[in-house]
$ cat final.txt   # compact mmCIF, N, CA and C atoms
# COMPACT_ATOMS: atom_id res chain seq x y z
N MET A 1 125.53 30.73 149.18
CA MET A 1 126.95 30.87 148.96
C MET A 1 127.34 32.34 149.15
N ASP A 2 128.38 32.57 149.91
CA ASP A 2 128.82 33.93 150.18
C ASP A 2 129.46 34.55 148.96
N GLU A 3 129.21 35.83 148.78
CA GLU A 3 129.80 36.60 147.70
C GLU A 3 131.26 36.89 148.04
N THR A 4 132.16 36.65 147.11
CA THR A 4 133.57 36.95 147.30
C THR A 4 133.79 38.43 147.04
N SER A 5 134.52 39.10 147.92
CA SER A 5 134.77 40.53 147.73
C SER A 5 135.68 40.74 146.52
N VAL A 6 135.61 41.94 145.98
CA VAL A 6 136.42 42.28 144.81
C VAL A 6 137.90 42.13 145.13
N THR A 7 138.33 42.58 146.28
CA THR A 7 139.76 42.47 146.62
C THR A 7 140.18 41.00 146.73
N ASP A 8 139.29 40.15 147.27
CA ASP A 8 139.61 38.72 147.33
C ASP A 8 139.70 38.12 145.93
N ARG A 9 138.81 38.56 145.04
CA ARG A 9 138.86 38.05 143.66
C ARG A 9 140.16 38.46 142.98
N VAL A 10 140.54 39.72 143.15
CA VAL A 10 141.78 40.20 142.53
C VAL A 10 142.96 39.42 143.09
N ARG A 11 142.99 39.22 144.39
CA ARG A 11 144.07 38.45 145.02
C ARG A 11 144.10 37.02 144.45
N GLN A 12 142.93 36.41 144.30
CA GLN A 12 142.86 35.05 143.75
C GLN A 12 143.37 35.02 142.31
N ARG A 13 143.01 36.04 141.51
CA ARG A 13 143.45 36.07 140.11
C ARG A 13 144.95 36.28 140.00
N LEU A 14 145.51 37.14 140.86
CA LEU A 14 146.96 37.34 140.86
C LEU A 14 147.68 36.04 141.24
N ASP A 15 147.16 35.38 142.25
CA ASP A 15 147.73 34.10 142.66
C ASP A 15 147.59 33.06 141.55
N PHE A 16 146.44 33.07 140.88
CA PHE A 16 146.21 32.17 139.75
C PHE A 16 147.24 32.39 138.64
N LEU A 17 147.50 33.65 138.30
CA LEU A 17 148.50 33.95 137.27
C LEU A 17 149.87 33.45 137.69
N LEU A 18 150.21 33.68 138.94
CA LEU A 18 151.51 33.26 139.45
C LEU A 18 151.68 31.75 139.39
N LYS A 19 150.62 31.01 139.68
CA LYS A 19 150.70 29.55 139.72
C LYS A 19 150.46 28.87 138.38
N SER A 20 149.71 29.51 137.48
CA SER A 20 149.29 28.79 136.28
C SER A 20 149.98 29.21 134.98
N ARG A 21 150.43 30.42 134.88
CA ARG A 21 151.02 30.88 133.62
C ARG A 21 152.47 30.47 133.53
N ARG A 22 152.86 30.14 132.32
CA ARG A 22 154.23 29.67 132.07
C ARG A 22 154.92 30.57 131.05
N ARG A 23 156.22 30.71 131.24
CA ARG A 23 157.05 31.41 130.26
C ARG A 23 157.21 30.53 129.03
N GLU A 24 157.80 31.08 128.00
CA GLU A 24 158.01 30.31 126.76
C GLU A 24 158.87 29.07 127.01
N ASP A 25 159.78 29.15 127.98
CA ASP A 25 160.63 28.00 128.26
C ASP A 25 159.95 26.96 129.16
N GLY A 26 158.69 27.23 129.54
CA GLY A 26 157.93 26.28 130.35
C GLY A 26 158.00 26.53 131.84
N GLY A 27 158.89 27.41 132.25
CA GLY A 27 159.02 27.70 133.68
C GLY A 27 157.93 28.64 134.16
N ARG A 28 157.71 28.63 135.45
CA ARG A 28 156.74 29.54 136.05
C ARG A 28 157.31 30.96 136.09
N TYR A 29 156.41 31.93 136.00
CA TYR A 29 156.82 33.31 136.18
C TYR A 29 157.13 33.54 137.65
N THR A 30 158.15 34.34 137.89
CA THR A 30 158.47 34.72 139.26
C THR A 30 157.69 35.99 139.59
N ARG A 31 157.67 36.33 140.87
CA ARG A 31 157.02 37.58 141.27
C ARG A 31 157.70 38.77 140.60
N GLU A 32 159.02 38.68 140.47
CA GLU A 32 159.76 39.76 139.82
C GLU A 32 159.33 39.94 138.37
N GLU A 33 159.16 38.81 137.66
CA GLU A 33 158.77 38.89 136.25
C GLU A 33 157.36 39.45 136.10
N LEU A 34 156.43 38.99 136.93
CA LEU A 34 155.07 39.52 136.86
C LEU A 34 155.04 41.00 137.24
N ALA A 35 155.85 41.38 138.23
CA ALA A 35 155.94 42.79 138.61
C ALA A 35 156.46 43.62 137.44
N SER A 36 157.46 43.10 136.74
CA SER A 36 158.01 43.80 135.58
C SER A 36 156.96 43.96 134.47
N ILE A 37 156.20 42.90 134.22
CA ILE A 37 155.13 42.97 133.22
C ILE A 37 154.11 44.05 133.61
N ALA A 38 153.79 44.12 134.91
CA ALA A 38 152.82 45.10 135.40
C ALA A 38 153.42 46.50 135.50
N GLY A 39 154.75 46.60 135.41
CA GLY A 39 155.41 47.90 135.49
C GLY A 39 155.58 48.42 136.90
N VAL A 40 155.74 47.50 137.86
CA VAL A 40 155.91 47.89 139.27
C VAL A 40 157.05 47.09 139.88
N SER A 41 157.35 47.39 141.12
CA SER A 41 158.41 46.66 141.82
C SER A 41 157.89 45.32 142.34
N ARG A 42 158.82 44.43 142.67
CA ARG A 42 158.44 43.13 143.24
C ARG A 42 157.72 43.33 144.57
N GLN A 43 158.17 44.32 145.33
CA GLN A 43 157.54 44.61 146.62
C GLN A 43 156.08 45.02 146.43
N SER A 44 155.82 45.84 145.42
CA SER A 44 154.43 46.26 145.15
C SER A 44 153.59 45.07 144.73
N PHE A 45 154.15 44.22 143.89
CA PHE A 45 153.41 43.04 143.45
C PHE A 45 153.11 42.13 144.64
N SER A 46 154.09 41.92 145.50
CA SER A 46 153.88 41.10 146.70
C SER A 46 152.81 41.70 147.59
N ALA A 47 152.81 43.02 147.70
CA ALA A 47 151.78 43.68 148.51
C ALA A 47 150.40 43.46 147.90
N TRP A 48 150.30 43.43 146.57
CA TRP A 48 149.02 43.17 145.92
C TRP A 48 148.51 41.77 146.23
N LEU A 49 149.43 40.82 146.32
CA LEU A 49 149.01 39.46 146.65
C LEU A 49 148.38 39.42 148.04
N GLU A 50 148.81 40.32 148.92
CA GLU A 50 148.24 40.40 150.26
C GLU A 50 146.95 41.22 150.27
N SER A 51 146.97 42.37 149.59
CA SER A 51 145.84 43.29 149.68
C SER A 51 144.81 43.12 148.57
N GLY A 52 145.25 42.63 147.40
CA GLY A 52 144.34 42.49 146.26
C GLY A 52 143.96 43.81 145.63
N THR A 53 144.84 44.81 145.75
CA THR A 53 144.49 46.13 145.22
C THR A 53 145.58 46.71 144.32
N PRO A 54 145.82 46.11 143.16
CA PRO A 54 146.76 46.73 142.22
C PRO A 54 146.12 47.94 141.57
N SER A 55 146.94 48.78 140.96
CA SER A 55 146.38 49.89 140.21
C SER A 55 145.67 49.32 138.98
N LEU A 56 144.71 50.05 138.47
CA LEU A 56 143.98 49.59 137.28
C LEU A 56 144.92 49.41 136.09
N LYS A 57 145.87 50.34 135.96
CA LYS A 57 146.82 50.27 134.84
C LYS A 57 147.67 49.00 134.93
N ALA A 58 148.19 48.71 136.11
CA ALA A 58 149.04 47.53 136.29
C ALA A 58 148.25 46.25 136.08
N ALA A 59 147.04 46.19 136.62
CA ALA A 59 146.20 45.00 136.44
C ALA A 59 145.88 44.80 134.97
N ASP A 60 145.63 45.90 134.26
CA ASP A 60 145.31 45.79 132.84
C ASP A 60 146.54 45.35 132.04
N GLN A 61 147.73 45.79 132.43
CA GLN A 61 148.94 45.35 131.74
C GLN A 61 149.13 43.84 131.89
N LEU A 62 148.89 43.31 133.07
CA LEU A 62 148.98 41.86 133.28
C LEU A 62 147.94 41.13 132.43
N ARG A 63 146.71 41.63 132.48
CA ARG A 63 145.62 41.01 131.72
C ARG A 63 145.95 40.98 130.22
N ARG A 64 146.42 42.08 129.71
CA ARG A 64 146.74 42.15 128.27
C ARG A 64 147.92 41.23 127.92
N HIS A 65 148.93 41.22 128.78
CA HIS A 65 150.10 40.38 128.52
C HIS A 65 149.70 38.91 128.36
N PHE A 66 148.78 38.46 129.20
CA PHE A 66 148.35 37.06 129.16
C PHE A 66 147.11 36.85 128.29
N GLN A 67 146.72 37.90 127.56
CA GLN A 67 145.59 37.84 126.62
C GLN A 67 144.32 37.31 127.31
N LEU A 68 144.02 37.91 128.44
CA LEU A 68 142.84 37.53 129.20
C LEU A 68 141.71 38.50 128.91
N PRO A 69 140.47 38.10 129.10
CA PRO A 69 139.34 38.98 128.79
C PRO A 69 139.26 40.16 129.76
N ALA A 70 138.65 41.24 129.28
CA ALA A 70 138.42 42.40 130.13
C ALA A 70 137.59 41.95 131.34
N GLY A 71 137.90 42.48 132.48
CA GLY A 71 137.18 42.11 133.68
C GLY A 71 137.71 40.86 134.36
N PHE A 72 138.77 40.28 133.84
CA PHE A 72 139.32 39.04 134.40
C PHE A 72 139.65 39.19 135.88
N MET A 73 140.24 40.30 136.26
CA MET A 73 140.69 40.46 137.64
C MET A 73 139.54 40.57 138.63
N THR A 74 138.39 41.08 138.20
CA THR A 74 137.32 41.36 139.16
C THR A 74 136.06 40.51 138.96
N ALA A 75 135.99 39.74 137.90
CA ALA A 75 134.78 38.96 137.63
C ALA A 75 134.50 37.96 138.75
N ASP A 76 133.20 37.78 139.06
CA ASP A 76 132.88 36.76 140.06
C ASP A 76 133.05 35.39 139.40
N GLU A 77 133.00 34.34 140.19
CA GLU A 77 133.31 33.00 139.69
C GLU A 77 132.44 32.57 138.50
N PRO A 78 131.11 32.74 138.57
CA PRO A 78 130.31 32.34 137.39
C PRO A 78 130.66 33.13 136.14
N GLU A 79 130.90 34.44 136.29
CA GLU A 79 131.29 35.25 135.13
C GLU A 79 132.62 34.80 134.56
N ALA A 80 133.58 34.57 135.45
CA ALA A 80 134.92 34.15 135.01
C ALA A 80 134.85 32.80 134.31
N LEU A 81 134.08 31.87 134.86
CA LEU A 81 133.93 30.55 134.23
C LEU A 81 133.26 30.67 132.87
N ASN A 82 132.20 31.47 132.80
CA ASN A 82 131.51 31.68 131.54
C ASN A 82 132.45 32.26 130.49
N GLU A 83 133.21 33.25 130.88
CA GLU A 83 134.15 33.88 129.94
C GLU A 83 135.22 32.90 129.49
N ALA A 84 135.72 32.10 130.41
CA ALA A 84 136.76 31.13 130.07
C ALA A 84 136.25 30.05 129.13
N LEU A 85 134.97 29.68 129.26
CA LEU A 85 134.42 28.60 128.45
C LEU A 85 133.88 29.07 127.09
N GLN A 86 133.74 30.37 126.88
CA GLN A 86 133.17 30.87 125.63
C GLN A 86 133.90 30.39 124.38
N PRO A 87 135.24 30.42 124.33
CA PRO A 87 135.90 29.93 123.12
C PRO A 87 135.58 28.45 122.83
N LEU A 88 135.50 27.63 123.86
CA LEU A 88 135.17 26.23 123.69
C LEU A 88 133.73 26.06 123.21
N VAL A 89 132.82 26.82 123.78
CA VAL A 89 131.41 26.76 123.37
C VAL A 89 131.28 27.16 121.90
N GLN A 90 131.95 28.23 121.51
CA GLN A 90 131.89 28.67 120.12
C GLN A 90 132.45 27.62 119.18
N LYS A 91 133.52 26.98 119.58
CA LYS A 91 134.11 25.92 118.75
C LYS A 91 133.14 24.75 118.60
N LEU A 92 132.53 24.34 119.71
CA LEU A 92 131.59 23.23 119.68
C LEU A 92 130.34 23.57 118.88
N GLU A 93 129.85 24.80 119.02
CA GLU A 93 128.68 25.20 118.25
C GLU A 93 128.98 25.20 116.76
N GLY A 94 130.20 25.55 116.40
CA GLY A 94 130.59 25.56 114.99
C GLY A 94 130.67 24.17 114.39
N THR A 95 130.94 23.17 115.24
CA THR A 95 131.07 21.81 114.73
C THR A 95 129.83 20.96 114.97
N SER A 96 128.83 21.52 115.67
CA SER A 96 127.65 20.71 115.98
C SER A 96 126.73 20.52 114.79
N ASP A 97 126.82 21.35 113.78
CA ASP A 97 125.97 21.22 112.60
C ASP A 97 126.83 20.81 111.41
N PRO A 98 126.92 19.52 111.11
CA PRO A 98 127.78 19.08 110.02
C PRO A 98 127.31 19.56 108.65
N LEU A 99 126.08 20.01 108.55
CA LEU A 99 125.58 20.49 107.26
C LEU A 99 125.80 21.99 107.06
N ALA A 100 126.37 22.66 108.05
CA ALA A 100 126.58 24.10 107.94
C ALA A 100 127.33 24.50 106.66
N PRO A 101 128.36 23.75 106.22
CA PRO A 101 129.04 24.15 104.97
C PRO A 101 128.14 24.08 103.74
N LEU A 102 127.04 23.37 103.84
CA LEU A 102 126.13 23.24 102.69
C LEU A 102 125.05 24.31 102.69
N ARG A 103 124.98 25.11 103.72
CA ARG A 103 123.93 26.11 103.83
C ARG A 103 124.39 27.45 103.24
N THR A 104 124.89 27.40 102.03
CA THR A 104 125.32 28.61 101.34
C THR A 104 124.34 28.88 100.22
N PRO A 105 124.19 30.13 99.80
CA PRO A 105 123.26 30.43 98.71
C PRO A 105 123.59 29.67 97.43
N GLY A 106 124.87 29.56 97.10
CA GLY A 106 125.24 28.84 95.87
C GLY A 106 124.85 27.38 95.92
N PHE A 107 125.11 26.75 97.05
CA PHE A 107 124.77 25.34 97.16
C PHE A 107 123.25 25.15 97.17
N MET A 108 122.52 26.06 97.78
CA MET A 108 121.06 25.96 97.79
C MET A 108 120.49 26.08 96.38
N ARG A 109 121.05 26.98 95.57
CA ARG A 109 120.60 27.09 94.16
C ARG A 109 120.86 25.78 93.42
N LEU A 110 122.03 25.22 93.67
CA LEU A 110 122.38 23.95 93.02
C LEU A 110 121.45 22.83 93.47
N ALA A 111 121.11 22.79 94.74
CA ALA A 111 120.23 21.75 95.26
C ALA A 111 118.83 21.87 94.67
N ARG A 112 118.37 23.10 94.42
CA ARG A 112 117.03 23.27 93.80
C ARG A 112 117.00 22.72 92.38
N ARG A 113 118.15 22.66 91.73
CA ARG A 113 118.22 22.11 90.37
C ARG A 113 118.30 20.59 90.38
N ALA A 114 118.56 19.98 91.53
CA ALA A 114 118.78 18.53 91.63
C ALA A 114 117.66 17.69 91.02
N PRO A 115 116.38 18.03 91.20
CA PRO A 115 115.34 17.18 90.61
C PRO A 115 115.40 17.10 89.08
N HIS A 116 116.06 18.05 88.46
CA HIS A 116 116.15 18.08 87.00
C HIS A 116 117.47 17.55 86.47
N MET A 117 118.32 17.07 87.35
CA MET A 117 119.64 16.56 86.94
C MET A 117 119.53 15.09 86.55
N ASP A 118 120.45 14.71 85.65
CA ASP A 118 120.51 13.29 85.31
C ASP A 118 121.16 12.54 86.47
N PRO A 119 120.94 11.23 86.59
CA PRO A 119 121.44 10.46 87.74
C PRO A 119 122.95 10.57 87.96
N ARG A 120 123.72 10.66 86.87
CA ARG A 120 125.18 10.77 87.02
C ARG A 120 125.58 12.07 87.70
N LYS A 121 124.98 13.18 87.28
CA LYS A 121 125.28 14.47 87.91
C LYS A 121 124.79 14.51 89.35
N LEU A 122 123.65 13.90 89.58
CA LEU A 122 123.13 13.86 90.94
C LEU A 122 124.06 13.07 91.86
N GLN A 123 124.61 11.96 91.34
CA GLN A 123 125.57 11.16 92.11
C GLN A 123 126.82 11.97 92.43
N LEU A 124 127.33 12.72 91.45
CA LEU A 124 128.51 13.57 91.68
C LEU A 124 128.21 14.65 92.73
N LEU A 125 127.01 15.22 92.67
CA LEU A 125 126.61 16.23 93.64
C LEU A 125 126.55 15.62 95.04
N GLU A 126 126.03 14.42 95.15
CA GLU A 126 125.96 13.73 96.44
C GLU A 126 127.36 13.46 96.99
N GLU A 127 128.28 13.01 96.14
CA GLU A 127 129.65 12.75 96.57
C GLU A 127 130.34 14.04 97.03
N TRP A 128 130.07 15.12 96.30
CA TRP A 128 130.66 16.40 96.66
C TRP A 128 130.14 16.86 98.02
N ALA A 129 128.84 16.74 98.26
CA ALA A 129 128.26 17.12 99.55
C ALA A 129 128.85 16.27 100.68
N GLN A 130 129.03 14.97 100.41
CA GLN A 130 129.63 14.09 101.43
C GLN A 130 131.05 14.53 101.75
N MET A 131 131.81 14.87 100.72
CA MET A 131 133.19 15.30 100.91
C MET A 131 133.26 16.59 101.72
N ILE A 132 132.35 17.52 101.48
CA ILE A 132 132.35 18.79 102.19
C ILE A 132 132.01 18.61 103.67
N THR A 133 131.08 17.72 103.97
CA THR A 133 130.60 17.60 105.35
C THR A 133 131.39 16.64 106.21
N GLU A 134 132.19 15.78 105.64
CA GLU A 134 132.94 14.87 106.51
C GLU A 134 134.14 15.58 107.11
N SER A 135 134.48 15.20 108.33
CA SER A 135 135.59 15.84 109.03
C SER A 135 136.91 15.31 108.46
N PRO A 136 137.96 16.11 108.51
CA PRO A 136 139.26 15.66 108.01
C PRO A 136 139.76 14.42 108.73
N GLU A 137 139.44 14.29 110.02
CA GLU A 137 139.90 13.14 110.79
C GLU A 137 139.25 11.84 110.32
N SER A 138 138.02 11.94 109.76
CA SER A 138 137.31 10.73 109.36
C SER A 138 137.73 10.22 107.97
N ARG A 139 138.43 11.07 107.23
CA ARG A 139 138.87 10.64 105.90
C ARG A 139 140.06 9.72 106.00
N ASP A 140 140.07 8.72 105.20
CA ASP A 140 141.20 7.80 105.13
C ASP A 140 142.31 8.49 104.34
N VAL A 141 143.53 8.20 104.66
CA VAL A 141 144.67 8.80 103.96
C VAL A 141 144.59 8.53 102.46
N THR A 142 144.07 7.37 102.07
CA THR A 142 143.99 7.04 100.65
C THR A 142 142.90 7.84 99.95
N ASP A 143 141.97 8.45 100.70
CA ASP A 143 140.91 9.24 100.09
C ASP A 143 141.38 10.65 99.70
N ARG A 144 142.52 11.05 100.23
CA ARG A 144 142.99 12.41 99.99
C ARG A 144 143.68 12.50 98.63
N PRO A 145 143.52 13.67 97.98
CA PRO A 145 144.18 13.84 96.68
C PRO A 145 145.68 13.93 96.79
$ encode --input "final.txt" --output "structure tokens"
Amino acid sequence: MDETSVTDRVRQRLDFLLKSRRREDGGRYTREELASIAGVSRQSFSAWLESGTPSLKAADQLRRHFQLPAGFMTADEPEALNEALQPLVQKLEGTSDPLAPLRTPGFMRLARRAPHMDPRKLQLLEEWAQMITESPESRDVTDRP
């Protein structure tokens, strides 16, 4: 697979912003609006779409405005994809271990005392652990306080 040049990547990212980002009202940004965000004229922005060479300051202003990661304009495709997927990966990793809320020092101390608890207290502890680990979506409306 051929390596994409940096100027081609920048041009692709500028085009991507123009086609994919929406204003608060849902409309697409115009070249004039993106140029204003970057602090340049519409003509300069249009020239960047052709050449792929905005100033570092202007490119960074666009990146910051759209809350994109550093290096967004120049990252190669695998890097850009990896960066874009990181928030999703982190979210999934956080939910992949349903027992994670129980892995606290306080709960571990309580669990070590479990063999010495009477059956009623042990049952309450089990119910509490179940309540902590179940997802909010899985709870029935009648189960909520």
$ atom_distance --input "final.txt" --atom1 "atom N of Asp97 in chain A" --atom2 "atom N of Ala129 in chain A"
16.3 Å
$ closest_residue --input "final.txt" --among "A:Trp128, A:Phe72, A:Tyr29, A:Phe66" --to "Arg9 in chain A" --atoms "only N, CA and C atoms"
A:Phe72
$ atom_distance --input "final.txt" --atom1 "atom C of Arg42 in chain A" --atom2 "atom C of Thr30 in chain A"
8.9 Å
$ atom_distance --input "final.txt" --atom1 "atom C of Asp25 in chain A" --atom2 "atom N of Leu62 in chain A"
20.1 Å
$ closest_residue --input "final.txt" --among "A:Pro119, A:Pro78, A:Gly106, A:Gly39" --to "Gln61 in chain A" --atoms "only C-alpha atoms"
A:Gly39
$ residues_around --input "final.txt" --residues "Leu14 in chain A" --least-positions-apart "3" --cutoff "12 Å" --atoms "only C-alpha atoms" --output "mmCIF file with N, CA and C atoms, in the frame of the given file"
data_model
loop_
_atom_site.group_PDB
_atom_site.id
_atom_site.type_symbol
_atom_site.label_atom_id
_atom_site.label_comp_id
_atom_site.auth_asym_id
_atom_site.auth_seq_id
_atom_site.Cartn_x
_atom_site.Cartn_y
_atom_site.Cartn_z
ATOM 1 N N THR A 7 138.330 42.580 146.280
ATOM 2 C CA THR A 7 139.760 42.470 146.620
ATOM 3 C C THR A 7 140.180 41.000 146.730
ATOM 4 N N ASP A 8 139.290 40.150 147.270
ATOM 5 C CA ASP A 8 139.610 38.720 147.330
ATOM 6 C C ASP A 8 139.700 38.120 145.930
ATOM 7 N N ARG A 9 138.810 38.560 145.040
ATOM 8 C CA ARG A 9 138.860 38.050 143.660
ATOM 9 C C ARG A 9 140.160 38.460 142.980
ATOM 10 N N VAL A 10 140.540 39.720 143.150
ATOM 11 C CA VAL A 10 141.780 40.200 142.530
ATOM 12 C C VAL A 10 142.960 39.420 143.090
ATOM 13 N N ARG A 11 142.990 39.220 144.390
ATOM 14 C CA ARG A 11 144.070 38.450 145.020
ATOM 15 C C ARG A 11 144.100 37.020 144.450
ATOM 16 N N LEU A 17 147.500 33.650 138.300
ATOM 17 C CA LEU A 17 148.500 33.950 137.270
ATOM 18 C C LEU A 17 149.870 33.450 137.690
ATOM 19 N N LEU A 18 150.210 33.680 138.940
ATOM 20 C CA LEU A 18 151.510 33.260 139.450
ATOM 21 C C LEU A 18 151.680 31.750 139.390
ATOM 22 N N LYS A 19 150.620 31.010 139.680
ATOM 23 C CA LYS A 19 150.700 29.550 139.720
ATOM 24 C C LYS A 19 150.460 28.870 138.380
ATOM 25 N N SER A 20 149.710 29.510 137.480
ATOM 26 C CA SER A 20 149.290 28.790 136.280
ATOM 27 C C SER A 20 149.980 29.210 134.980
ATOM 28 N N ARG A 21 150.430 30.420 134.880
ATOM 29 C CA ARG A 21 151.020 30.880 133.620
ATOM 30 C C ARG A 21 152.470 30.470 133.530
ATOM 31 N N TYR A 29 156.410 31.930 136.000
ATOM 32 C CA TYR A 29 156.820 33.310 136.180
ATOM 33 C C TYR A 29 157.130 33.540 137.650
ATOM 34 N N THR A 30 158.150 34.340 137.890
ATOM 35 C CA THR A 30 158.470 34.720 139.260
ATOM 36 C C THR A 30 157.690 35.990 139.590
ATOM 37 N N ARG A 31 157.670 36.330 140.870
ATOM 38 C CA ARG A 31 157.020 37.580 141.270
ATOM 39 C C ARG A 31 157.700 38.770 140.600
ATOM 40 N N LEU A 34 156.430 38.990 136.930
ATOM 41 C CA LEU A 34 155.070 39.520 136.860
ATOM 42 C C LEU A 34 155.040 41.000 137.240
ATOM 43 N N ALA A 35 155.850 41.380 138.230
ATOM 44 C CA ALA A 35 155.940 42.790 138.610
ATOM 45 C C ALA A 35 156.460 43.620 137.440
ATOM 46 N N ALA A 38 153.790 44.120 134.910
ATOM 47 C CA ALA A 38 152.820 45.100 135.400
ATOM 48 C C ALA A 38 153.420 46.500 135.500
ATOM 49 N N PHE A 45 154.150 44.220 143.890
ATOM 50 C CA PHE A 45 153.410 43.040 143.450
ATOM 51 C C PHE A 45 153.110 42.130 144.640
ATOM 52 N N SER A 46 154.090 41.920 145.500
ATOM 53 C CA SER A 46 153.880 41.100 146.700
ATOM 54 C C SER A 46 152.810 41.700 147.590
ATOM 55 N N ALA A 47 152.810 43.020 147.700
ATOM 56 C CA ALA A 47 151.780 43.680 148.510
ATOM 57 C C ALA A 47 150.400 43.460 147.900
ATOM 58 N N TRP A 48 150.300 43.430 146.570
ATOM 59 C CA TRP A 48 149.020 43.170 145.920
ATOM 60 C C TRP A 48 148.510 41.770 146.230
ATOM 61 N N LEU A 49 149.430 40.820 146.320
ATOM 62 C CA LEU A 49 149.010 39.460 146.650
ATOM 63 C C LEU A 49 148.380 39.420 148.040
ATOM 64 N N GLU A 50 148.810 40.320 148.920
ATOM 65 C CA GLU A 50 148.240 40.400 150.260
ATOM 66 C C GLU A 50 146.950 41.220 150.270
ATOM 67 N N SER A 51 146.970 42.370 149.590
ATOM 68 C CA SER A 51 145.840 43.290 149.680
ATOM 69 C C SER A 51 144.810 43.120 148.570
ATOM 70 N N GLY A 52 145.250 42.630 147.400
ATOM 71 C CA GLY A 52 144.340 42.490 146.260
ATOM 72 C C GLY A 52 143.960 43.810 145.630
ATOM 73 N N THR A 53 144.840 44.810 145.750
ATOM 74 C CA THR A 53 144.490 46.130 145.220
ATOM 75 C C THR A 53 145.580 46.710 144.320
ATOM 76 N N PRO A 54 145.820 46.110 143.160
ATOM 77 C CA PRO A 54 146.760 46.730 142.220
ATOM 78 C C PRO A 54 146.120 47.940 141.570
ATOM 79 N N ALA A 58 148.190 48.710 136.110
ATOM 80 C CA ALA A 58 149.040 47.530 136.290
ATOM 81 C C ALA A 58 148.250 46.250 136.080
ATOM 82 N N ALA A 59 147.040 46.190 136.620
ATOM 83 C CA ALA A 59 146.200 45.000 136.440
ATOM 84 C C ALA A 59 145.880 44.800 134.970
ATOM 85 N N ASP A 60 145.630 45.900 134.260
ATOM 86 C CA ASP A 60 145.310 45.790 132.840
ATOM 87 C C ASP A 60 146.540 45.350 132.040
ATOM 88 N N LEU A 62 148.890 43.310 133.070
ATOM 89 C CA LEU A 62 148.980 41.860 133.280
ATOM 90 C C LEU A 62 147.940 41.130 132.430
ATOM 91 N N ARG A 63 146.710 41.630 132.480
ATOM 92 C CA ARG A 63 145.620 41.010 131.720
ATOM 93 C C ARG A 63 145.950 40.980 130.220
ATOM 94 N N PHE A 66 148.780 38.460 129.200
ATOM 95 C CA PHE A 66 148.350 37.060 129.160
ATOM 96 C C PHE A 66 147.110 36.850 128.290
ATOM 97 N N PHE A 72 138.770 40.280 133.840
ATOM 98 C CA PHE A 72 139.320 39.040 134.400
ATOM 99 C C PHE A 72 139.650 39.190 135.880
ATOM 100 N N MET A 73 140.240 40.300 136.260
ATOM 101 C CA MET A 73 140.690 40.460 137.640
ATOM 102 C C MET A 73 139.540 40.570 138.630
ATOM 103 N N THR A 74 138.390 41.080 138.200
ATOM 104 C CA THR A 74 137.320 41.360 139.160
ATOM 105 C C THR A 74 136.060 40.510 138.960
#
$ closest_residue --input "final.txt" --among "A:Lys121, A:Ile132, A:Glu79, A:Val89" --to "Leu102 in chain A" --atoms "all atoms listed in the file"
A:Ile132
$ select_by_dssp --input "final.txt" --residues "range 36-100 of chain A" --states "alpha helix (DSSP H)" --output "VMD selection string"
chain A and resid 36 to 38 42 to 51 56 to 65 77 to 95
